[in-house]
Protein chains: 6
Amino acid sequence: MAKEGRYKKGMDTLKEMISEDTLQAISGMKDISPDFWEMIVGFGYGEVYSREGMSLAEREIVTLTTLITQGAFGQLEFHLRAARKVGLTEAQIIEIIIQCAAYVGFPKATQAMQLAGKVFEETR
Amino acid sequence: MAKEGRYKKGMDTLKEMISEDTLQAISGMKDISPDFWEMIVGFGYGEVYSREGMSLAEREIVTLTTLITQGAFGQLEFHLRAARKVGLTEAQIIEIIIQCAAYVGFPKATQAMQLAGKVFEETR
Amino acid sequence: MAKEGRYKKGMDTLKEMISEDTLQAISGMKDISPDFWEMIVGFGYGEVYSREGMSLAEREIVTLTTLITQGAFGQLEFHLRAARKVGLTEAQIIEIIIQCAAYVGFPKATQAMQLAGKVFEETR
Amino acid sequence: MAKEGRYKKGMDTLKEMISEDTLQAISGMKDISPDFWEMIVGFGYGEVYSREGMSLAEREIVTLTTLITQGAFGQLEFHLRAARKVGLTEAQIIEIIIQCAAYVGFPKATQAMQLAGKVFEETR
Amino acid sequence: MAKEGRYKKGMDTLKEMISEDTLQAISGMKDISPDFWEMIVGFGYGEVYSREGMSLAEREIVTLTTLITQGAFGQLEFHLRAARKVGLTEAQIIEIIIQCAAYVGFPKATQAMQLAGKVFEETR
Amino acid sequence: MAKEGRYKKGMDTLKEMISEDTLQAISGMKDISPDFWEMIVGFGYGEVYSREGMSLAEREIVTLTTLITQGAFGQLEFHLRAARKVGLTEAQIIEIIIQCAAYVGFPKATQAMQLAGKVFEETR
């Protein structure tokens, strides 16, 4: 697929996952590095997220887990919202964090749970 | 639930996830620290894995992802086998690793894919 | 031990380690996930911290070290205060951070030392 | 080399890398732990950074990469400024972050790029 | 660029970096997941490594540093060889590892230095 | 202190911590990089481990914890032996690993416990 094709596919996938406002906010990246922005949209969302074989909800199980494990809390809030939008329930997100607790320890799980609580409140 | 109850529940869950031989092998932990073994089985499998709200297959999506992210390849083979046993297909496991690649980088994803290839071969 | 027993034991241990105010603050977790709160108190403080064989001060050497190593600075302030309360001196905490520097590198050690300086000031 | 020698050498190296104001700001560490401050300046800048065999600009490629990889964003802004001061261009820093994306995943690379954008703006 | 284009570009870049034998060995990945292999070659080497703005030698400074920092020793040997092939000297690689020591701690630096010693011996 | 002084102090500290055979084995590092070897002995053992304010046994609590947390199992066996030699009992080491389990998750704690079991057996 040519680069324009994957960029369009990436934007379509992103629009299923986040609100118009959030999309606006993150696309500020374009001004810092247009190439990097193209990679995020085109490779990340166009080539990876849009693959068949796993639903967006299942992909967000992977994403939330890896962000919690690496302590990437700066990106976690974005994906907690995306996870809700593509269909994970609050209860499922809590289960993911509890399952993580046994595998990454309580400190990261606790920080994730606090962030989840904040996002749940705002999206109810 | 009393400790005996959760230990039994943990053993029941473990038996759904791994073969009798593997169970035999890992229970050598009992000789090093009986308390730690009780925690793994009773807390890990009795209180966490056996919770409702997520299937064992969904829990293994979390587990595989966190192990790949932390580079815990020593434990990954065990859970690649468990993931197959509780119902994840080879194609689903490959999707999990590809989704991880974008989030943890190619080195860890590559090592995970090699290990997956080895386990697939042995369990076909 | 039944779950109620370990929860009570966990609360008793927590009260030795932190102030009433802090306990109040962190128990907000109960509203997000009562099950996760029970795990933190019951498993974390009731089954792990309250074990014999290591004093609370020695356990805090482990806790501070692991939080610094994983860069979990969101939780480090809480445990710097707890460490002081269960008997580690300012000098001992500084030694722990210096020992960490050689093992985790200067960036994480520096961030820990800054946080320690802030906590020392507030608890003098 | 005696300790005084390496401290002086470290201060000289630091002055090539950061502004007088920043030096003033970070030397507050002296009040928390004079020994740790001596180690940072004397060992870190006096024995490591001041070695021959790699330029300060090349050393900052290493430093930026390791900080991005370990998610040590608290220290990254300091070294983004240092990197610019010792001669890395904006374009080179962007290349480092893009190269990192493939090796540490997009979440950490994205956070680094946002911070770089902020530093570029302030140092233009 | 269409996918065939980036794959070819990736293979060309890879051939500059590693021997024919090593290329043969790693392309076994094709049998486990052709899609993942295409991503490694096409995205990793075709879109990232082959970018202008940084030489292959400078890119290997980034790669070695990130692999040491994340403890990805399974992939480090591969890139120590590649680093030598694209022009980094033994002395430069040693400097990278020493610079890393101050940032990631001695344990990972020590393991990297041992591996470097082994690779140096074999490539002399 | 001049560099010769700290090197001698480092060697004296190392001899308290490890056997003559092990010292012989690790000093092979000298042939790869004499400078790096001097840093390990002179800075690591001469300036850090030999500081007052914490006993060698307490320092090994820090070291074991950080190695388990970062998954640096390649270096853990060395320090499990050193920990035993400077006075930590088998029971204390088991307590450290159990305390770690709650903070870093079960996979790393399990791998550490297996290694501890092996070292205990060999040093009885």
# chains A, B, ... in the order shown; residues from 1 in each chain; ligands from 1
$ closest_atom_pairs --of "chain B" --to "chain D" --cutoff "6 Å" --atoms "only C-alpha atoms" --output "JSON lines"
{"residue": "B:Ala102", "atom": "CA", "partner": "D:Gly105", "partner_atom": "CA", "distance": 5.1}
{"residue": "B:Tyr103", "atom": "CA", "partner": "D:Gly105", "partner_atom": "CA", "distance": 4.1}
{"residue": "B:Val104", "atom": "CA", "partner": "D:Gly105", "partner_atom": "CA", "distance": 4.3}
{"residue": "B:Gly105", "atom": "CA", "partner": "D:Tyr103", "partner_atom": "CA", "distance": 4.1}
{"residue": "B:Phe106", "atom": "CA", "partner": "D:Tyr103", "partner_atom": "CA", "distance": 5.6}
$ write_last_selection --atoms "N, CA, C and O atoms" --output "CSV table (one decimal), in the first residue's frame"
chain,number,residue,atom,x,y,z
B,102,ALA,N,4.7,-2.2,18.2
B,102,ALA,CA,4.5,-0.8,18.1
B,102,ALA,C,4.6,-0.1,19.4
B,102,ALA,O,4.9,1.1,19.5
B,103,TYR,N,4.4,-0.9,20.5
B,103,TYR,CA,4.4,-0.3,21.8
B,103,TYR,C,5.6,-0.5,22.7
B,103,TYR,O,5.9,0.2,23.6
B,104,VAL,N,6.4,-1.6,22.3
B,104,VAL,CA,7.6,-1.9,23.1
B,104,VAL,C,8.8,-1.9,22.3
B,104,VAL,O,9.9,-2.1,22.8
B,105,GLY,N,8.7,-1.8,21.0
B,105,GLY,CA,9.8,-1.8,20.1
B,105,GLY,C,10.0,-3.2,19.5
B,105,GLY,O,9.5,-4.2,20.0
B,106,PHE,N,10.8,-3.3,18.4
B,106,PHE,CA,11.0,-4.5,17.7
B,106,PHE,C,11.9,-5.5,18.5
B,106,PHE,O,11.7,-6.7,18.3
$ residues_around --residues "E:Ser19" --least-positions-apart "6" --cutoff "12 Å" --atoms "only C-alpha atoms" --output "list in words"
Met11, Asp12, Thr13, Ala25, Ile26, Phe78, His79, Arg81, Ala82, Arg84, Lys85, Val86 and Thr123 of chain E
$ write_last_selection --atoms "all heavy atoms" --output "CSV table (one decimal), in the first residue's frame"
chain,number,residue,atom,x,y,z
E,11,MET,N,16.0,-4.3,2.6
E,11,MET,CA,17.0,-5.4,2.4
E,11,MET,C,18.3,-4.8,2.0
E,11,MET,O,19.4,-5.3,2.4
E,11,MET,CB,16.4,-6.3,1.2
E,11,MET,CG,15.3,-7.2,1.7
E,11,MET,SD,15.7,-8.3,3.1
E,11,MET,CE,16.6,-9.6,2.3
E,12,ASP,N,18.3,-3.7,1.2
E,12,ASP,CA,19.6,-3.1,0.8
E,12,ASP,C,20.3,-2.5,2.0
E,12,ASP,O,21.5,-2.7,2.1
E,12,ASP,CB,19.3,-1.9,-0.2
E,12,ASP,CG,18.8,-2.4,-1.6
E,12,ASP,OD1,19.0,-3.7,-1.8
E,12,ASP,OD2,18.3,-1.6,-2.4
E,13,THR,N,19.5,-1.9,2.9
E,13,THR,CA,20.1,-1.4,4.1
E,13,THR,C,20.7,-2.5,5.0
E,13,THR,O,21.8,-2.4,5.5
E,13,THR,CB,19.1,-0.6,4.9
E,13,THR,OG1,18.5,0.4,4.1
E,13,THR,CG2,19.8,0.1,6.1
E,25,ALA,N,20.1,-16.3,8.5
E,25,ALA,CA,19.7,-16.8,9.8
E,25,ALA,C,18.4,-16.1,10.3
E,25,ALA,O,17.5,-16.8,10.8
E,25,ALA,CB,20.8,-16.7,10.8
E,26,ILE,N,18.4,-14.8,10.3
E,26,ILE,CA,17.3,-14.1,10.8
E,26,ILE,C,16.0,-14.2,10.0
E,26,ILE,O,14.9,-14.0,10.4
E,26,ILE,CB,17.6,-12.6,11.1
E,26,ILE,CG1,17.9,-11.8,9.9
E,26,ILE,CG2,18.8,-12.5,12.1
E,26,ILE,CD1,17.9,-10.3,10.1
E,78,PHE,N,23.8,-9.2,17.9
E,78,PHE,CA,23.6,-8.9,16.5
E,78,PHE,C,24.0,-7.4,16.2
E,78,PHE,O,24.6,-7.2,15.2
E,78,PHE,CB,22.0,-9.0,16.3
E,78,PHE,CG,21.6,-8.7,14.9
E,78,PHE,CD1,21.5,-9.6,13.9
E,78,PHE,CD2,21.1,-7.4,14.6
E,78,PHE,CE1,21.0,-9.3,12.6
E,78,PHE,CE2,20.7,-7.0,13.4
E,78,PHE,CZ,20.6,-8.0,12.3
E,79,HIS,N,23.6,-6.5,17.0
E,79,HIS,CA,23.9,-5.1,16.7
E,79,HIS,C,25.4,-4.7,17.1
E,79,HIS,O,25.9,-3.7,16.6
E,79,HIS,CB,22.9,-4.2,17.4
E,79,HIS,CG,21.6,-4.1,16.6
E,79,HIS,ND1,21.5,-3.4,15.5
E,79,HIS,CD2,20.4,-4.7,16.8
E,79,HIS,CE1,20.3,-3.6,15.0
E,79,HIS,NE2,19.6,-4.4,15.8
E,81,ARG,N,27.8,-6.6,16.2
E,81,ARG,CA,28.4,-6.9,15.0
E,81,ARG,C,28.1,-5.9,13.9
E,81,ARG,O,29.0,-5.5,13.1
E,81,ARG,CB,28.0,-8.3,14.5
E,81,ARG,CG,28.5,-9.4,15.4
E,81,ARG,CD,28.0,-10.8,15.0
E,81,ARG,NE,28.3,-11.8,16.0
E,81,ARG,CZ,29.4,-12.4,16.1
E,81,ARG,NH1,30.4,-12.2,15.2
E,81,ARG,NH2,29.6,-13.3,17.1
E,82,ALA,N,26.8,-5.5,13.8
E,82,ALA,CA,26.4,-4.5,12.8
E,82,ALA,C,27.2,-3.2,13.1
E,82,ALA,O,27.6,-2.5,12.1
E,82,ALA,CB,24.9,-4.3,12.9
E,84,ARG,N,30.1,-2.7,14.3
E,84,ARG,CA,31.5,-2.8,13.8
E,84,ARG,C,31.5,-2.7,12.3
E,84,ARG,O,32.3,-2.0,11.7
E,84,ARG,CB,32.1,-4.1,14.2
E,84,ARG,CG,32.4,-4.3,15.7
E,84,ARG,CD,33.6,-3.4,16.1
E,84,ARG,NE,34.8,-3.9,15.6
E,84,ARG,CZ,35.6,-3.3,14.8
E,84,ARG,NH1,35.4,-2.0,14.4
E,84,ARG,NH2,36.8,-3.8,14.4
E,85,LYS,N,30.5,-3.4,11.6
E,85,LYS,CA,30.4,-3.4,10.2
E,85,LYS,C,30.2,-2.0,9.6
E,85,LYS,O,30.7,-1.7,8.5
E,85,LYS,CB,29.4,-4.4,9.7
E,85,LYS,CG,29.4,-4.8,8.2
E,85,LYS,CD,28.9,-6.2,8.0
E,85,LYS,CE,29.1,-6.6,6.6
E,85,LYS,NZ,28.6,-5.8,5.5
E,86,VAL,N,29.4,-1.2,10.2
E,86,VAL,CA,29.1,0.1,9.7
E,86,VAL,C,30.0,1.2,10.1
E,86,VAL,O,29.9,2.4,9.9
E,86,VAL,CB,27.6,0.6,10.0
E,86,VAL,CG1,26.6,-0.4,9.3
E,86,VAL,CG2,27.4,0.8,11.4
E,123,THR,N,35.6,-11.0,15.8
E,123,THR,CA,35.6,-10.3,14.6
E,123,THR,C,37.0,-9.7,14.3
E,123,THR,O,37.1,-8.9,13.4
E,123,THR,CB,34.6,-9.1,14.7
E,123,THR,OG1,34.8,-8.3,15.8
E,123,THR,CG2,33.1,-9.6,14.7
$ residues_around --residues "F:Ile94" --least-positions-apart "3" --cutoff "9 Å" --atoms "only C-alpha atoms" --output "list in words"
Ile32, Ser33 and Phe36 of chain B; Thr89, Glu90, Ala91, Ile97, Ile98, Gln99, Met113 and Ala116 of chain F
$ write_last_selection --atoms "N, CA and C atoms" --output "mmCIF file, in the first residue's frame"
data_model
loop_
_atom_site.group_PDB
_atom_site.id
_atom_site.type_symbol
_atom_site.label_atom_id
_atom_site.label_comp_id
_atom_site.auth_asym_id
_atom_site.auth_seq_id
_atom_site.Cartn_x
_atom_site.Cartn_y
_atom_site.Cartn_z
ATOM 1 N N ILE B 32 11.791 -24.757 47.888
ATOM 2 C CA ILE B 32 12.590 -23.563 48.183
ATOM 3 C C ILE B 32 11.855 -22.691 49.194
ATOM 4 N N SER B 33 10.601 -22.415 48.936
ATOM 5 C CA SER B 33 9.814 -21.604 49.873
ATOM 6 C C SER B 33 8.347 -21.990 49.788
ATOM 7 N N PHE B 36 6.013 -18.996 49.489
ATOM 8 C CA PHE B 36 5.964 -18.344 48.184
ATOM 9 C C PHE B 36 5.116 -19.161 47.211
ATOM 10 N N THR F 89 20.919 -14.305 55.825
ATOM 11 C CA THR F 89 20.561 -15.721 55.904
ATOM 12 C C THR F 89 19.682 -16.106 54.718
ATOM 13 N N GLU F 90 19.535 -17.414 54.526
ATOM 14 C CA GLU F 90 18.623 -17.887 53.474
ATOM 15 C C GLU F 90 17.219 -17.339 53.712
ATOM 16 N N ALA F 91 16.774 -17.357 54.964
ATOM 17 C CA ALA F 91 15.420 -16.888 55.288
ATOM 18 C C ALA F 91 15.251 -15.402 54.944
ATOM 19 N N ILE F 97 12.755 -11.526 48.499
ATOM 20 C CA ILE F 97 12.111 -11.901 47.236
ATOM 21 C C ILE F 97 10.588 -11.841 47.365
ATOM 22 N N ILE F 98 10.060 -12.287 48.499
ATOM 23 C CA ILE F 98 8.603 -12.236 48.703
ATOM 24 C C ILE F 98 8.130 -10.781 48.752
ATOM 25 N N GLN F 99 8.883 -9.933 49.458
ATOM 26 C CA GLN F 99 8.529 -8.499 49.493
ATOM 27 C C GLN F 99 8.568 -7.922 48.065
ATOM 28 N N MET F 113 13.560 -16.531 42.821
ATOM 29 C CA MET F 113 13.469 -17.593 43.825
ATOM 30 C C MET F 113 14.126 -18.877 43.306
ATOM 31 N N ALA F 116 17.771 -18.384 43.639
ATOM 32 C CA ALA F 116 18.135 -18.454 45.058
ATOM 33 C C ALA F 116 18.209 -19.914 45.504
#
$ atom_distance --atom1 "atom CA of B:Ser55" --atom2 "atom CA of B:Glu16"
12.0 Å
$ closest_residue --among "C:Glu95, C:Glu4, C:Glu121, C:Glu77" --to "C:Ile18" --atoms "only C-alpha atoms"
C:Glu77
$ atom_distance --atom1 "atom CA of E:Gly10" --atom2 "atom CA of E:Val41"
5.0 Å
$ atom_distance --atom1 "atom CA of E:Gly53" --atom2 "atom CA of D:Leu80"
17.8 Å
$ decode --residues "stretch 92-124 of chain C" --atoms "N, CA and C atoms" --output "short mmCIF file (atom, residue, chain, number, x, y, z; two decimals), in the first residue's frame"
data_model
loop_
_atom_site.label_atom_id
_atom_site.label_comp_id
_atom_site.auth_asym_id
_atom_site.auth_seq_id
_atom_site.Cartn_x
_atom_site.Cartn_y
_atom_site.Cartn_z
N GLN C 92 20.15 7.13 56.46
CA GLN C 92 20.00 5.79 55.87
C GLN C 92 19.31 5.87 54.51
N ILE C 93 18.32 6.73 54.41
CA ILE C 93 17.61 6.87 53.13
C ILE C 93 18.57 7.42 52.06
N ILE C 94 19.39 8.37 52.45
CA ILE C 94 20.39 8.90 51.51
C ILE C 94 21.36 7.80 51.06
N GLU C 95 21.77 6.94 52.02
CA GLU C 95 22.65 5.83 51.66
C GLU C 95 21.99 4.89 50.66
N ILE C 96 20.70 4.60 50.87
CA ILE C 96 19.97 3.72 49.94
C ILE C 96 20.00 4.31 48.53
N ILE C 97 19.76 5.62 48.44
CA ILE C 97 19.72 6.25 47.12
C ILE C 97 21.10 6.25 46.46
N ILE C 98 22.14 6.50 47.26
CA ILE C 98 23.51 6.47 46.70
C ILE C 98 23.86 5.06 46.23
N GLN C 99 23.51 4.05 47.03
CA GLN C 99 23.76 2.66 46.60
C GLN C 99 22.99 2.37 45.30
N CYS C 100 21.77 2.87 45.21
CA CYS C 100 20.98 2.69 43.97
C CYS C 100 21.67 3.34 42.77
N ALA C 101 22.29 4.50 42.97
CA ALA C 101 22.90 5.23 41.85
C ALA C 101 23.81 4.33 41.03
N ALA C 102 24.61 3.52 41.71
CA ALA C 102 25.53 2.64 41.00
C ALA C 102 24.81 1.52 40.25
N TYR C 103 23.59 1.24 40.66
CA TYR C 103 22.88 0.09 40.09
C TYR C 103 21.78 0.47 39.11
N VAL C 104 21.25 1.67 39.22
CA VAL C 104 20.18 2.07 38.29
C VAL C 104 20.55 3.31 37.49
N GLY C 105 21.70 3.89 37.77
CA GLY C 105 22.13 5.09 37.06
C GLY C 105 21.74 6.35 37.79
N PHE C 106 22.38 7.46 37.40
CA PHE C 106 22.17 8.72 38.11
C PHE C 106 20.80 9.37 37.85
N PRO C 107 20.18 9.23 36.68
CA PRO C 107 18.92 9.96 36.49
C PRO C 107 17.85 9.60 37.53
N LYS C 108 17.61 8.30 37.72
CA LYS C 108 16.59 7.90 38.69
C LYS C 108 17.03 8.24 40.11
N ALA C 109 18.32 8.08 40.42
CA ALA C 109 18.81 8.41 41.76
C ALA C 109 18.65 9.89 42.04
N THR C 110 18.92 10.72 41.04
CA THR C 110 18.78 12.17 41.22
C THR C 110 17.34 12.56 41.50
N GLN C 111 16.42 11.97 40.73
CA GLN C 111 15.01 12.30 40.95
C GLN C 111 14.56 11.84 42.35
N ALA C 112 15.06 10.69 42.79
CA ALA C 112 14.73 10.19 44.13
C ALA C 112 15.29 11.11 45.20
N MET C 113 16.51 11.58 45.00
CA MET C 113 17.15 12.43 46.01
C MET C 113 16.40 13.76 46.15
N GLN C 114 15.94 14.30 45.03
CA GLN C 114 15.16 15.54 45.09
C GLN C 114 13.87 15.35 45.89
N LEU C 115 13.21 14.22 45.63
CA LEU C 115 11.97 13.92 46.35
C LEU C 115 12.26 13.70 47.84
N ALA C 116 13.36 13.02 48.13
CA ALA C 116 13.74 12.81 49.53
C ALA C 116 13.99 14.14 50.23
N GLY C 117 14.70 15.04 49.55
CA GLY C 117 14.95 16.37 50.12
C GLY C 117 13.65 17.08 50.49
N LYS C 118 12.67 16.98 49.61
CA LYS C 118 11.35 17.60 49.85
C LYS C 118 10.66 16.96 51.07
N VAL C 119 10.68 15.63 51.13
CA VAL C 119 10.01 14.94 52.25
C VAL C 119 10.73 15.23 53.56
N PHE C 120 12.06 15.24 53.54
CA PHE C 120 12.82 15.52 54.77
C PHE C 120 12.41 16.88 55.32
N GLU C 121 12.38 17.86 54.44
CA GLU C 121 12.00 19.23 54.84
C GLU C 121 10.63 19.26 55.52
N GLU C 122 9.69 18.53 54.90
CA GLU C 122 8.32 18.58 55.43
C GLU C 122 8.13 17.79 56.71
N THR C 123 9.02 16.83 56.97
CA THR C 123 8.82 15.97 58.15
C THR C 123 9.76 16.33 59.29
N ARG C 124 10.54 17.40 59.14
CA ARG C 124 11.43 17.79 60.23
C ARG C 124 10.66 18.53 61.32
#
